[in-house]
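Source file structure.cif; content: mmCIF, C-alpha atoms.
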```cif
data_my_file
#
loop_
_atom_site.label_atom_id
_atom_site.label_comp_id
_atom_site.auth_asym_id
_atom_site.auth_seq_id
_atom_site.Cartn_x
_atom_site.Cartn_y
_atom_site.Cartn_z
CA GLY A 16 78.11 106.54 95.29
CA GLU A 17 77.63 106.92 99.01
CA VAL A 18 79.47 107.06 102.35
CA THR A 19 78.06 105.33 105.43
CA LEU A 20 78.81 106.19 109.05
CA VAL A 21 78.43 103.05 111.15
CA CYS A 22 78.18 102.77 114.95
CA LEU A 23 79.27 99.37 116.29
CA ASP A 24 78.88 97.74 119.69
CA VAL A 25 82.36 97.51 121.24
CA GLU A 26 81.66 94.12 122.83
CA THR A 27 80.11 92.27 119.89
CA GLY A 28 80.91 94.30 116.78
CA GLY A 29 77.22 94.35 115.95
CA THR A 30 75.76 97.39 114.21
CA ARG A 31 73.82 99.75 116.48
CA TRP A 32 72.97 102.24 113.72
CA SER A 33 74.21 103.53 110.38
CA LYS A 34 73.70 106.76 108.46
CA THR A 35 74.39 107.28 104.76
CA VAL A 36 75.19 110.38 102.71
CA ARG A 37 74.97 110.42 98.93
CA THR A 38 78.24 111.40 97.29
CA GLY A 39 77.26 110.82 93.67
CA ASP A 40 79.77 109.34 91.24
CA TYR A 41 83.25 110.75 90.82
CA GLN A 42 86.69 109.43 89.97
CA THR A 43 89.06 108.66 92.84
CA HIS A 44 92.80 108.05 92.94
CA ASN A 45 93.71 104.35 93.11
CA MET A 46 95.08 104.85 96.65
CA ASN A 47 92.05 106.83 97.82
CA ASN A 48 88.32 106.19 98.19
CA THR A 49 85.14 108.06 99.00
CA ALA A 50 85.46 107.21 102.73
CA ALA A 51 89.12 108.13 103.23
CA SER A 52 88.53 110.61 106.05
CA THR A 53 88.61 109.29 109.62
CA PRO A 54 85.66 110.45 111.75
CA CYS A 55 86.60 112.61 114.75
CA LEU A 56 84.81 112.35 118.07
CA ALA A 57 83.78 114.56 120.97
CA GLU A 58 81.70 113.64 123.99
CA ASN A 59 78.43 114.38 122.22
CA LEU A 60 79.12 114.21 118.49
CA VAL A 61 81.00 112.57 115.61
CA VAL A 62 82.10 114.53 112.53
CA PHE A 63 83.34 113.31 109.13
CA SER A 64 84.07 114.83 105.73
CA TRP A 65 82.92 113.74 102.28
CA TYR A 66 82.56 115.05 98.74
CA ASP A 67 79.24 116.00 97.14
CA SER A 68 79.96 115.38 93.46
CA VAL A 69 76.60 116.77 92.35
CA ARG A 70 77.27 120.21 93.81
CA GLU A 71 81.07 119.75 93.53
CA VAL A 72 81.80 120.78 97.11
CA ALA A 73 83.45 119.21 100.15
CA MET A 74 81.11 118.67 103.10
CA LEU A 75 81.24 118.07 106.85
CA SER A 76 78.47 116.11 108.56
CA ALA A 77 77.89 115.80 112.31
CA PHE A 78 75.82 113.20 114.14
CA SER A 79 75.11 112.52 117.79
CA HIS A 80 76.30 109.26 119.36
CA LYS A 81 72.72 108.06 119.04
CA GLY A 82 72.78 108.57 115.26
CA ARG A 83 70.76 111.80 115.11
CA GLU A 84 71.93 114.22 112.43
CA LEU A 85 73.04 117.46 114.08
CA TRP A 86 74.20 119.57 111.15
CA GLN A 87 75.88 119.70 107.75
CA HIS A 88 78.41 122.30 106.70
CA GLU A 89 79.43 123.13 103.14
CA VAL A 90 83.22 123.48 103.13
CA GLY A 91 83.34 124.54 99.48
CA PRO A 92 84.98 123.61 96.18
CA ILE A 93 88.19 121.63 96.30
CA LYS A 94 90.84 120.97 93.66
CA VAL A 95 93.06 117.93 94.25
CA MET A 96 95.11 115.32 92.41
CA HIS A 97 94.90 112.47 94.92
CA GLY A 98 91.32 112.74 96.11
CA ILE A 99 89.67 114.33 99.11
CA ASN A 100 90.70 113.56 102.67
CA LEU A 101 89.74 116.58 104.74
CA GLN A 102 90.51 115.64 108.34
CA PRO A 103 88.66 117.63 111.05
CA VAL A 104 89.42 117.67 114.79
CA VAL A 105 87.18 118.67 117.70
CA GLN A 106 88.55 120.71 120.60
CA ASP A 107 86.90 122.98 123.19
CA GLY A 108 83.57 123.05 121.40
CA ARG A 109 85.15 123.82 118.01
CA VAL A 110 85.45 121.72 114.85
CA LEU A 111 88.73 122.67 113.17
CA PHE A 112 89.98 121.87 109.69
CA ALA A 113 92.55 122.97 107.11
CA HIS A 114 90.94 123.28 103.69
CA LEU A 115 94.17 124.05 101.81
CA HIS A 116 94.17 122.67 98.28
CA GLN A 117 95.44 123.41 94.76
CA ALA A 118 93.21 126.46 94.33
CA GLY A 119 93.99 128.11 97.67
CA GLY A 120 91.59 127.64 100.57
CA TYR A 121 91.37 128.47 104.25
CA VAL A 122 91.63 127.25 107.84
CA ALA A 123 88.43 127.44 109.90
CA ALA A 124 86.69 126.74 113.19
CA LEU A 125 83.02 125.81 113.43
CA ASP A 126 80.77 125.76 116.46
CA ALA A 127 80.55 122.05 117.29
CA GLY A 128 76.97 122.46 118.46
CA ASN A 129 75.46 123.87 115.28
CA GLY A 130 78.16 123.82 112.56
CA LYS A 131 78.15 127.60 112.17
CA PRO A 132 81.48 129.34 111.40
CA VAL A 133 83.29 130.87 114.38
CA TRP A 134 86.27 132.13 112.38
CA ARG A 135 87.83 131.57 108.98
CA ARG A 136 91.38 132.47 107.92
CA GLU A 137 91.69 132.78 104.14
CA TYR A 138 94.86 131.82 102.26
CA PRO A 139 95.24 132.60 98.55
CA GLN A 140 96.69 130.12 96.09
CA LEU A 141 100.42 130.05 96.71
CA SER A 142 101.13 126.53 95.40
CA ASN A 143 99.45 123.82 93.36
CA LYS A 144 99.90 121.22 96.13
CA THR A 145 97.22 119.99 98.54
CA THR A 146 97.68 119.39 102.26
CA TYR A 147 96.43 116.18 103.88
CA ILE A 148 97.48 116.96 107.46
CA THR A 149 95.38 116.76 110.60
CA PRO A 150 95.52 120.08 112.51
CA LEU A 151 97.28 120.04 115.89
CA VAL A 152 95.70 121.83 118.87
CA ARG A 153 98.21 122.69 121.58
CA GLU A 154 98.66 124.77 124.74
CA ARG A 155 100.99 127.68 124.13
CA HIS A 156 103.68 128.24 126.72
CA GLY A 157 102.74 131.58 128.24
CA GLY A 158 98.99 131.16 127.81
CA GLY A 159 96.23 130.25 125.37
CA LYS A 160 95.66 127.49 122.85
CA GLU A 161 96.50 127.47 119.17
CA VAL A 162 95.84 125.43 116.04
CA VAL A 163 98.94 124.38 114.10
CA VAL A 164 98.62 123.63 110.38
CA ALA A 165 101.13 122.84 107.65
CA SER A 166 101.01 123.14 103.86
CA VAL A 167 103.49 123.78 101.06
CA SER A 168 101.48 126.94 100.32
CA ILE A 169 101.77 128.51 103.78
CA GLY A 170 104.54 126.58 105.55
CA VAL A 171 103.84 125.94 109.23
CA ARG A 172 101.56 128.36 111.07
CA GLY A 173 99.95 128.78 114.45
CA LEU A 174 96.46 130.29 114.74
CA ASP A 175 94.74 131.34 117.95
CA LEU A 176 92.08 128.75 118.78
CA ALA A 177 89.58 131.38 119.94
CA THR A 178 89.96 133.98 117.18
CA GLY A 179 91.84 132.47 114.23
CA GLU A 180 94.45 135.24 114.37
CA GLU A 181 97.93 134.08 113.34
CA THR A 182 100.22 133.70 116.33
CA TRP A 183 103.31 132.86 114.26
CA ALA A 184 104.35 131.74 110.78
CA LEU A 185 107.26 129.85 109.22
CA SER A 186 107.00 130.10 105.44
CA GLY A 187 108.90 128.62 102.52
CA VAL A 188 109.92 125.41 104.26
CA PHE A 189 108.23 122.77 102.07
CA LYS A 190 108.88 121.57 98.53
CA GLU A 191 106.01 119.12 98.10
CA ARG A 192 102.53 118.35 99.48
CA THR A 193 102.32 117.78 103.21
CA ILE A 194 100.87 114.55 104.60
CA VAL A 195 102.89 114.20 107.81
CA SER A 196 100.84 116.03 110.47
CA PRO A 197 102.34 118.45 113.02
CA VAL A 198 103.25 116.81 116.34
CA ASP A 199 104.18 118.42 119.68
CA ILE A 200 107.19 116.19 120.32
CA MET A 201 108.09 117.59 123.78
CA ALA A 202 104.61 116.96 125.23
CA GLY A 203 104.94 114.59 128.18
CA SER A 204 108.58 115.42 128.84
CA GLY A 205 107.92 117.90 131.64
CA SER A 206 110.03 120.46 129.79
CA GLN A 207 108.86 124.05 129.26
CA ASP A 208 110.33 123.85 125.76
CA SER A 209 107.99 123.43 122.77
CA LEU A 210 109.06 121.71 119.57
CA LEU A 211 106.75 120.79 116.70
CA THR A 212 107.77 118.45 113.89
CA ALA A 213 106.59 118.84 110.32
CA GLY A 214 107.66 117.44 106.97
CA CYS A 215 106.92 116.64 103.37
CA LYS A 216 108.11 114.49 100.49
CA ASN A 217 111.73 114.33 99.30
CA GLY A 218 113.71 114.53 102.52
CA VAL A 219 112.13 117.46 104.35
CA PHE A 220 111.56 116.84 108.07
CA PHE A 221 112.34 119.32 110.84
CA ALA A 222 111.41 120.64 114.29
CA VAL A 223 109.93 124.10 114.74
CA ARG A 224 110.39 126.09 117.94
CA PRO A 225 107.30 128.35 118.14
CA PRO A 226 107.57 131.68 119.95
CA ASP A 227 106.53 131.96 123.58
CA ALA A 228 103.03 133.43 123.93
CA ALA A 229 104.15 135.92 126.60
CA GLU A 230 107.57 136.86 125.22
CA GLY A 231 106.71 136.94 121.50
CA GLY A 232 109.37 136.60 118.81
CA GLU A 233 109.49 134.49 115.68
CA ALA A 234 109.26 130.78 114.99
CA ARG A 235 112.48 129.12 113.89
CA VAL A 236 113.79 125.72 112.85
CA ALA A 237 115.42 124.04 115.86
CA TRP A 238 116.84 121.08 113.99
CA HIS A 239 116.58 119.47 110.57
CA PHE A 240 116.63 115.74 109.91
CA ASP A 241 119.28 114.57 107.47
CA LYS A 242 118.25 110.91 107.49
CA LYS A 243 115.57 109.10 105.50
CA THR A 244 112.29 110.93 106.16
CA PRO A 245 108.61 109.94 106.09
CA TYR A 246 106.23 111.10 103.37
CA VAL A 247 102.97 109.67 104.76
CA PRO A 248 103.30 108.24 108.33
CA THR A 249 103.17 110.84 111.12
CA PRO A 250 105.77 110.22 113.86
CA VAL A 251 104.94 109.67 117.52
CA SER A 252 106.67 110.91 120.67
CA ASP A 253 106.36 110.41 124.43
CA GLY A 254 108.40 113.56 125.09
CA ASN A 255 111.55 111.57 125.75
CA THR A 256 111.97 109.75 122.43
CA LEU A 257 110.60 110.60 119.00
CA TYR A 258 109.85 107.57 116.80
CA VAL A 259 109.96 108.29 113.08
CA LEU A 260 108.73 105.60 110.66
CA THR A 261 109.41 106.01 106.95
CA ASP A 262 107.20 104.73 104.16
CA GLY A 263 109.82 102.13 103.28
CA GLY A 264 110.03 100.68 106.79
CA LYS A 265 112.99 102.39 108.44
CA LEU A 266 112.24 103.11 112.12
CA LEU A 267 114.33 105.83 113.76
CA ALA A 268 114.52 106.66 117.47
CA VAL A 269 115.43 110.31 117.83
CA ASP A 270 116.24 112.69 120.68
CA PRO A 271 113.35 115.18 120.35
CA ALA A 272 115.33 118.09 121.80
CA SER A 273 118.29 117.83 119.40
CA GLY A 274 117.20 115.61 116.52
CA ALA A 275 120.15 113.28 117.20
CA LEU A 276 119.68 109.66 116.14
CA ARG A 277 119.72 107.15 119.01
CA TRP A 278 119.11 103.96 117.09
CA GLN A 279 117.47 102.70 113.93
CA GLN A 280 115.74 99.49 112.92
CA ARG A 281 114.63 98.09 109.59
CA LEU A 282 111.06 96.77 109.40
CA ARG A 283 110.72 94.70 106.26
CA ALA A 284 107.46 96.16 105.02
CA ASN A 285 105.92 99.35 103.66
CA PHE A 286 103.91 101.83 105.74
CA TYR A 287 101.30 104.55 105.27
CA ALA A 288 99.58 104.14 108.67
CA SER A 289 101.17 106.14 111.48
CA PRO A 290 102.82 104.29 114.39
CA LEU A 291 101.13 104.13 117.81
CA LEU A 292 102.99 104.28 121.14
CA ILE A 293 101.11 102.59 123.99
CA GLY A 294 102.64 101.74 127.34
CA GLY A 295 106.21 101.59 126.05
CA ARG A 296 105.23 99.48 123.06
CA LEU A 297 105.16 100.58 119.45
CA TYR A 298 102.49 99.31 117.06
CA CYS A 299 103.12 99.70 113.32
CA LEU A 300 100.56 98.49 110.76
CA SER A 301 102.13 97.74 107.39
CA ARG A 302 100.48 98.27 104.04
CA GLU A 303 100.71 94.51 103.52
CA GLY A 304 98.63 93.79 106.63
CA GLU A 305 101.20 92.91 109.31
CA VAL A 306 101.34 94.55 112.75
CA PHE A 307 104.86 95.03 114.09
CA VAL A 308 104.71 95.09 117.90
CA ALA A 309 107.90 96.09 119.70
CA GLU A 310 109.15 97.23 123.08
CA VAL A 311 110.98 100.50 122.57
CA GLY A 312 112.98 102.97 124.60
CA LYS A 313 116.73 102.62 124.90
CA GLU A 314 116.60 99.81 122.37
CA PHE A 315 114.26 98.00 119.99
CA LYS A 316 112.88 94.57 120.86
CA LEU A 317 110.47 93.02 118.38
CA LEU A 318 107.76 91.07 120.23
CA SER A 319 105.52 89.85 117.41
CA THR A 320 104.42 90.43 113.83
CA PRO A 321 100.89 89.08 113.52
CA ASP A 322 99.60 88.85 109.96
CA LEU A 323 96.03 90.15 109.68
CA LYS A 324 95.55 88.24 106.41
CA PRO A 325 93.55 91.04 104.76
CA GLY A 326 92.60 88.92 101.74
CA ASP A 327 92.99 89.39 98.01
CA GLU A 328 90.15 91.93 97.87
CA VAL A 329 92.15 94.39 100.03
CA MET A 330 94.80 96.23 98.05
CA TRP A 331 96.54 97.94 100.97
CA CYS A 332 96.12 98.48 104.73
CA ASP A 333 96.69 102.21 105.05
CA SER A 334 94.43 103.42 107.89
CA THR A 335 96.08 104.25 111.21
CA PRO A 336 94.62 102.02 113.97
CA ALA A 337 92.56 103.56 116.78
CA VAL A 338 92.83 102.80 120.49
CA ALA A 339 89.90 102.70 122.95
CA HIS A 340 88.41 100.39 125.59
CA ALA A 341 91.80 98.66 126.02
CA SER A 342 91.47 97.51 122.42
CA LEU A 343 93.10 98.13 119.06
CA TYR A 344 90.70 98.84 116.19
CA LEU A 345 92.02 98.26 112.68
CA ARG A 346 90.25 99.20 109.47
CA ILE A 347 91.09 96.52 106.92
CA GLY A 348 89.53 97.27 103.55
CA ALA A 349 85.80 97.68 104.14
CA GLY A 350 85.95 95.85 107.47
CA LEU A 351 86.85 96.76 111.05
CA ASP A 352 88.70 94.37 113.36
CA CYS A 353 88.96 94.65 117.16
CA HIS A 354 91.99 93.12 118.85
CA ARG A 355 92.27 92.47 122.61
CA PRO A 356 93.78 92.52 125.15
CA MET A 357 96.05 95.55 125.11
CA PRO A 358 98.97 95.55 127.58
#
```

Entire entry expressed as structure tokens:
Amino acid sequence: GEVTLVCLDVETGGTRWSKTVRTGDYQTHNMNNTAASTPCLAENLVVFSWYDSVREVAMLSAFSHKGRELWQHEVGPIKVMHGINLQPVVQDGRVLFAHLHQAGGYVAALDAGNGKPVWRREYPQLSNKTTYITPLVRERHGGGKEVVVASVSIGVRGLDLATGEETWALSGVFKERTIVSPVDIMAGSGSQDSLLTAGCKNGVFFAVRPPDAAEGGEARVAWHFDKKTPYVPTPVSDGNTLYVLTDGGKLLAVDPASGALRWQQRLRANFYASPLLIGGRLYCLSREGEVFVAEVGKEFKLLSTPDLKPGDEVMWCDSTPAVAHASLYLRIGAGLDCHRPMP
């Protein structure tokens, strides 16, 4: 087996270069594959994760935008039920990831320039559930930046971006594996308040109020959702309205400060991809290959539901679309489609 990183021309879709890593052969879950992880980008590099089945370790590989290999980093052994999907992020010259799986693990920061460890926070095995979240990097009110991670084993925790020291912890809040990633739902509101949503399977979805960096204190749950909750899709917020999409297609518009429901809408489809909010419009890619485009705010107005016609060879459309160059990029099976124009 192998995983290939492909660079495409944004105007034509033609291949500029491609680089391949050898994964070897290993069994994957029927809803996973060897290229499940989404590459993350910085100005001068692209990073992605993969599994080396020969050495039985998870790996991170970094390439320049010209296709030159910059470094590889051995993350280490990983024990999972649903396959590997280690999702890194790049921020302030650091590559950050949460390697929290069934045998324990750690959260770490690497130097983006050379792949060398900057800090590593170890967490022993506290649960037999794996996390699939993408870490959140946020500005703390009162100074500094932190990395927010979530897992059934450690709950929700903030770690100082520079040192890896824990800034706060909220433990014992999850029952099942975490896939919904942490989101700063007040960002963009102009409020000094900070609220971070997190959740897991079986009706657990809540907002955390982290402590102020200057004043200290403890993190606490600000509100808890008692409606249908998402297992896979991560919600999206503009600071004024939080949009929560469940796997079964229920879309909920929520007051981010209180958790109160403003309105709800049924989308007749199933969803694993996370919704996107662009210019007052919501874009939701269904597992069946339809894109629900709606104007949102005080009310829901469905504009269109184009069918991407993924074909019989595509089982599901589960990858969250990406936005760049006034275009929407959608990974459909082994292909990538570019849709223009964006409003």

For this session: Step by step, work through what the PyMOL selection byres ((chain A and resi 238-253) around 8) selects in the shown file, and finish by giving those residues as a ChimeraX atom specification.
Result: /A:193-204,214-223,236-237,254-262,265,271,273-274,286-292

Problem set entry | Residues matched by the PyMOL selection byres ((chain A and resi 350) around 12), written as a PyMOL selection string | chain A and resi 21+23+28+323+325-326+328-329+332+334+344-349+351-353

Problem set entry | Among the residues A:Ser166, A:Gly205, A:Ala272, A:Tyr298, the one that comes closest to Ala337 in chain A [using only C-alpha atoms] | A:Tyr298

Exercise. Hey, what comes out of the PyMOL selection byres ((chain A and resi 70) around 12) on this file? Could you write it as a list of chain:residue names?
Worked result: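 Here the PyMOL selection byres ((chain A and resi 70) around 12) matches A:Arg37, A:Thr38, A:Gly39, A:Asp40, A:Tyr41, A:Tyr66, A:Asp67, A:Ser68, A:Val69, A:Glu71, A:Val72, A:Ala73, A:Met74, A:Glu89, A:Val90, A:Gly91, A:Pro92, A:Ile93.
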
For this session: Go through A:Arg302, A:Arg296, A:Arg155, A:Lys160 one by one, measure the shortest atom-to-atom distance of each to Ala229 in chain A using all atoms listed in the file, and give the residue with the smallest value.
Result: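 Closest residue, counting all atoms listed in the file: A:Arg155.
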
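By chain and then residue number, the residues within 6 Å of range 180-186 of chain A are Ile169, Gly170, Val171, Arg172, Gly173, Leu174, Asp175, Thr178 and Val188 of chain A, counting all atoms listed in the file and disregarding those fewer than 2 positions away in sequence.
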
Exercise. Hey, what's within 8 Å of Leu125 in chain A if we count all atoms listed in the file and toss same-chain stuff fewer than 6 positions away? As a PyMOL selection string, please?
Worked result: chain A and resi 109-111+131-134

Problem set entry | Computed interatomic separation between CA of Arg153 in chain A and CA of Ser209 in chain A (Å) |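 Separation of CA of Arg153 in chain A and CA of Ser209 in chain A: 9.9 Å.
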
Exercise. How many Å separate CA of Glu17 in chain A from CA of Ile99 in chain A?
Worked result: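 Spanning CA of Glu17 in chain A to CA of Ile99 in chain A is a straight-line distance of 14.1 Å.
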
Exercise. To one decimal place, how far is CA of Thr149 in chain A from CA of Asn129 in chain A in Å?
Worked result: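 Interatomic distance here is 21.7 Å.
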
Problem set entry | Close residues, Ala234 in chain A itself excluded, 6 Å, all atoms listed in the file, min 5 positions apart in chain, as a PyMOL selection string | chain A and resi 224-226

How would range 17-28 of chain A look with all heavy atoms restored, written as a PDB file, in the coordinates of the input?
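That gives us out33.pdb:
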```
ATOM      1  N   GLU A  17      78.085 106.508  97.701  1.00  0.00           N
ATOM      2  CA  GLU A  17      77.630 106.920  99.010  1.00  0.00           C
ATOM      3  C   GLU A  17      78.712 106.626 100.047  1.00  0.00           C
ATOM      4  O   GLU A  17      79.613 105.826  99.825  1.00  0.00           O
ATOM      5  CB  GLU A  17      76.338 106.201  99.398  1.00  0.00           C
ATOM      6  CG  GLU A  17      76.451 104.698  99.417  1.00  0.00           C
ATOM      7  CD  GLU A  17      75.129 103.995  99.643  1.00  0.00           C
ATOM      8  OE1 GLU A  17      74.073 104.555  99.249  1.00  0.00           O
ATOM      9  OE2 GLU A  17      75.138 102.893 100.219  1.00  0.00           O
ATOM     10  N   VAL A  18      78.605 107.301 101.203  1.00  0.00           N
ATOM     11  CA  VAL A  18      79.470 107.060 102.350  1.00  0.00           C
ATOM     12  C   VAL A  18      78.571 106.777 103.546  1.00  0.00           C
ATOM     13  O   VAL A  18      77.587 107.491 103.776  1.00  0.00           O
ATOM     14  CB  VAL A  18      80.375 108.277 102.640  1.00  0.00           C
ATOM     15  CG1 VAL A  18      81.098 108.085 103.970  1.00  0.00           C
ATOM     16  CG2 VAL A  18      81.381 108.475 101.527  1.00  0.00           C
ATOM     17  N   THR A  19      78.885 105.727 104.286  1.00  0.00           N
ATOM     18  CA  THR A  19      78.060 105.330 105.430  1.00  0.00           C
ATOM     19  C   THR A  19      78.852 105.439 106.724  1.00  0.00           C
ATOM     20  O   THR A  19      79.970 104.920 106.824  1.00  0.00           O
ATOM     21  CB  THR A  19      77.553 103.891 105.253  1.00  0.00           C
ATOM     22  OG1 THR A  19      76.798 103.801 104.047  1.00  0.00           O
ATOM     23  CG2 THR A  19      76.665 103.491 106.421  1.00  0.00           C
ATOM     24  N   LEU A  20      78.269 106.118 107.694  1.00  0.00           N
ATOM     25  CA  LEU A  20      78.810 106.190 109.050  1.00  0.00           C
ATOM     26  C   LEU A  20      78.143 105.093 109.865  1.00  0.00           C
ATOM     27  O   LEU A  20      76.920 105.035 109.958  1.00  0.00           O
ATOM     28  CB  LEU A  20      78.527 107.559 109.656  1.00  0.00           C
ATOM     29  CG  LEU A  20      78.978 107.772 111.099  1.00  0.00           C
ATOM     30  CD1 LEU A  20      80.502 107.782 111.193  1.00  0.00           C
ATOM     31  CD2 LEU A  20      78.399 109.075 111.656  1.00  0.00           C
ATOM     32  N   VAL A  21      78.950 104.219 110.451  1.00  0.00           N
ATOM     33  CA  VAL A  21      78.430 103.050 111.150  1.00  0.00           C
ATOM     34  C   VAL A  21      78.854 103.103 112.615  1.00  0.00           C
ATOM     35  O   VAL A  21      80.024 103.334 112.928  1.00  0.00           O
ATOM     36  CB  VAL A  21      78.922 101.747 110.509  1.00  0.00           C
ATOM     37  CG1 VAL A  21      78.315 100.534 111.211  1.00  0.00           C
ATOM     38  CG2 VAL A  21      78.590 101.715 109.021  1.00  0.00           C
ATOM     39  N   CYS A  22      77.904 102.883 113.513  1.00  0.00           N
ATOM     40  CA  CYS A  22      78.180 102.770 114.950  1.00  0.00           C
ATOM     41  C   CYS A  22      78.106 101.303 115.335  1.00  0.00           C
ATOM     42  O   CYS A  22      77.081 100.640 115.114  1.00  0.00           O
ATOM     43  CB  CYS A  22      77.167 103.586 115.748  1.00  0.00           C
ATOM     44  SG  CYS A  22      77.343 103.426 117.549  1.00  0.00           S
ATOM     45  N   LEU A  23      79.188 100.775 115.914  1.00  0.00           N
ATOM     46  CA  LEU A  23      79.270  99.370 116.290  1.00  0.00           C
ATOM     47  C   LEU A  23      79.304  99.199 117.805  1.00  0.00           C
ATOM     48  O   LEU A  23      79.854 100.048 118.519  1.00  0.00           O
ATOM     49  CB  LEU A  23      80.512  98.722 115.668  1.00  0.00           C
ATOM     50  CG  LEU A  23      80.679  98.819 114.158  1.00  0.00           C
ATOM     51  CD1 LEU A  23      81.993  98.177 113.732  1.00  0.00           C
ATOM     52  CD2 LEU A  23      79.508  98.178 113.436  1.00  0.00           C
ATOM     53  N   ASP A  24      78.782  98.104 118.282  1.00  0.00           N
ATOM     54  CA  ASP A  24      78.880  97.740 119.690  1.00  0.00           C
ATOM     55  C   ASP A  24      80.308  97.272 119.971  1.00  0.00           C
ATOM     56  O   ASP A  24      80.830  96.389 119.270  1.00  0.00           O
ATOM     57  CB  ASP A  24      77.882  96.626 120.001  1.00  0.00           C
ATOM     58  CG  ASP A  24      77.825  96.294 121.474  1.00  0.00           C
ATOM     59  OD1 ASP A  24      78.770  95.649 121.964  1.00  0.00           O
ATOM     60  OD2 ASP A  24      76.838  96.669 122.131  1.00  0.00           O
ATOM     61  N   VAL A  25      80.958  97.843 120.993  1.00  0.00           N
ATOM     62  CA  VAL A  25      82.360  97.510 121.240  1.00  0.00           C
ATOM     63  C   VAL A  25      82.550  96.084 121.737  1.00  0.00           C
ATOM     64  O   VAL A  25      83.639  95.517 121.607  1.00  0.00           O
ATOM     65  CB  VAL A  25      82.994  98.502 122.243  1.00  0.00           C
ATOM     66  CG1 VAL A  25      83.006  99.904 121.678  1.00  0.00           C
ATOM     67  CG2 VAL A  25      82.280  98.460 123.580  1.00  0.00           C
ATOM     68  N   GLU A  26      81.523  95.480 122.304  1.00  0.00           N
ATOM     69  CA  GLU A  26      81.660  94.120 122.830  1.00  0.00           C
ATOM     70  C   GLU A  26      81.439  93.070 121.754  1.00  0.00           C
ATOM     71  O   GLU A  26      82.137  92.052 121.721  1.00  0.00           O
ATOM     72  CB  GLU A  26      80.666  93.902 123.976  1.00  0.00           C
ATOM     73  CG  GLU A  26      80.900  94.790 125.188  1.00  0.00           C
ATOM     74  CD  GLU A  26      82.262  94.553 125.821  1.00  0.00           C
ATOM     75  OE1 GLU A  26      82.748  93.407 125.758  1.00  0.00           O
ATOM     76  OE2 GLU A  26      82.832  95.511 126.364  1.00  0.00           O
ATOM     77  N   THR A  27      80.491  93.301 120.868  1.00  0.00           N
ATOM     78  CA  THR A  27      80.110  92.270 119.890  1.00  0.00           C
ATOM     79  C   THR A  27      80.475  92.607 118.454  1.00  0.00           C
ATOM     80  O   THR A  27      80.534  91.721 117.603  1.00  0.00           O
ATOM     81  CB  THR A  27      78.592  92.036 119.941  1.00  0.00           C
ATOM     82  OG1 THR A  27      77.911  93.219 119.474  1.00  0.00           O
ATOM     83  CG2 THR A  27      78.137  91.725 121.359  1.00  0.00           C
ATOM     84  N   GLY A  28      80.693  93.890 118.157  1.00  0.00           N
ATOM     85  CA  GLY A  28      80.910  94.300 116.780  1.00  0.00           C
ATOM     86  C   GLY A  28      79.627  94.434 115.982  1.00  0.00           C
ATOM     87  O   GLY A  28      79.658  94.756 114.790  1.00  0.00           O
TER      88      GLY A  28
END
```
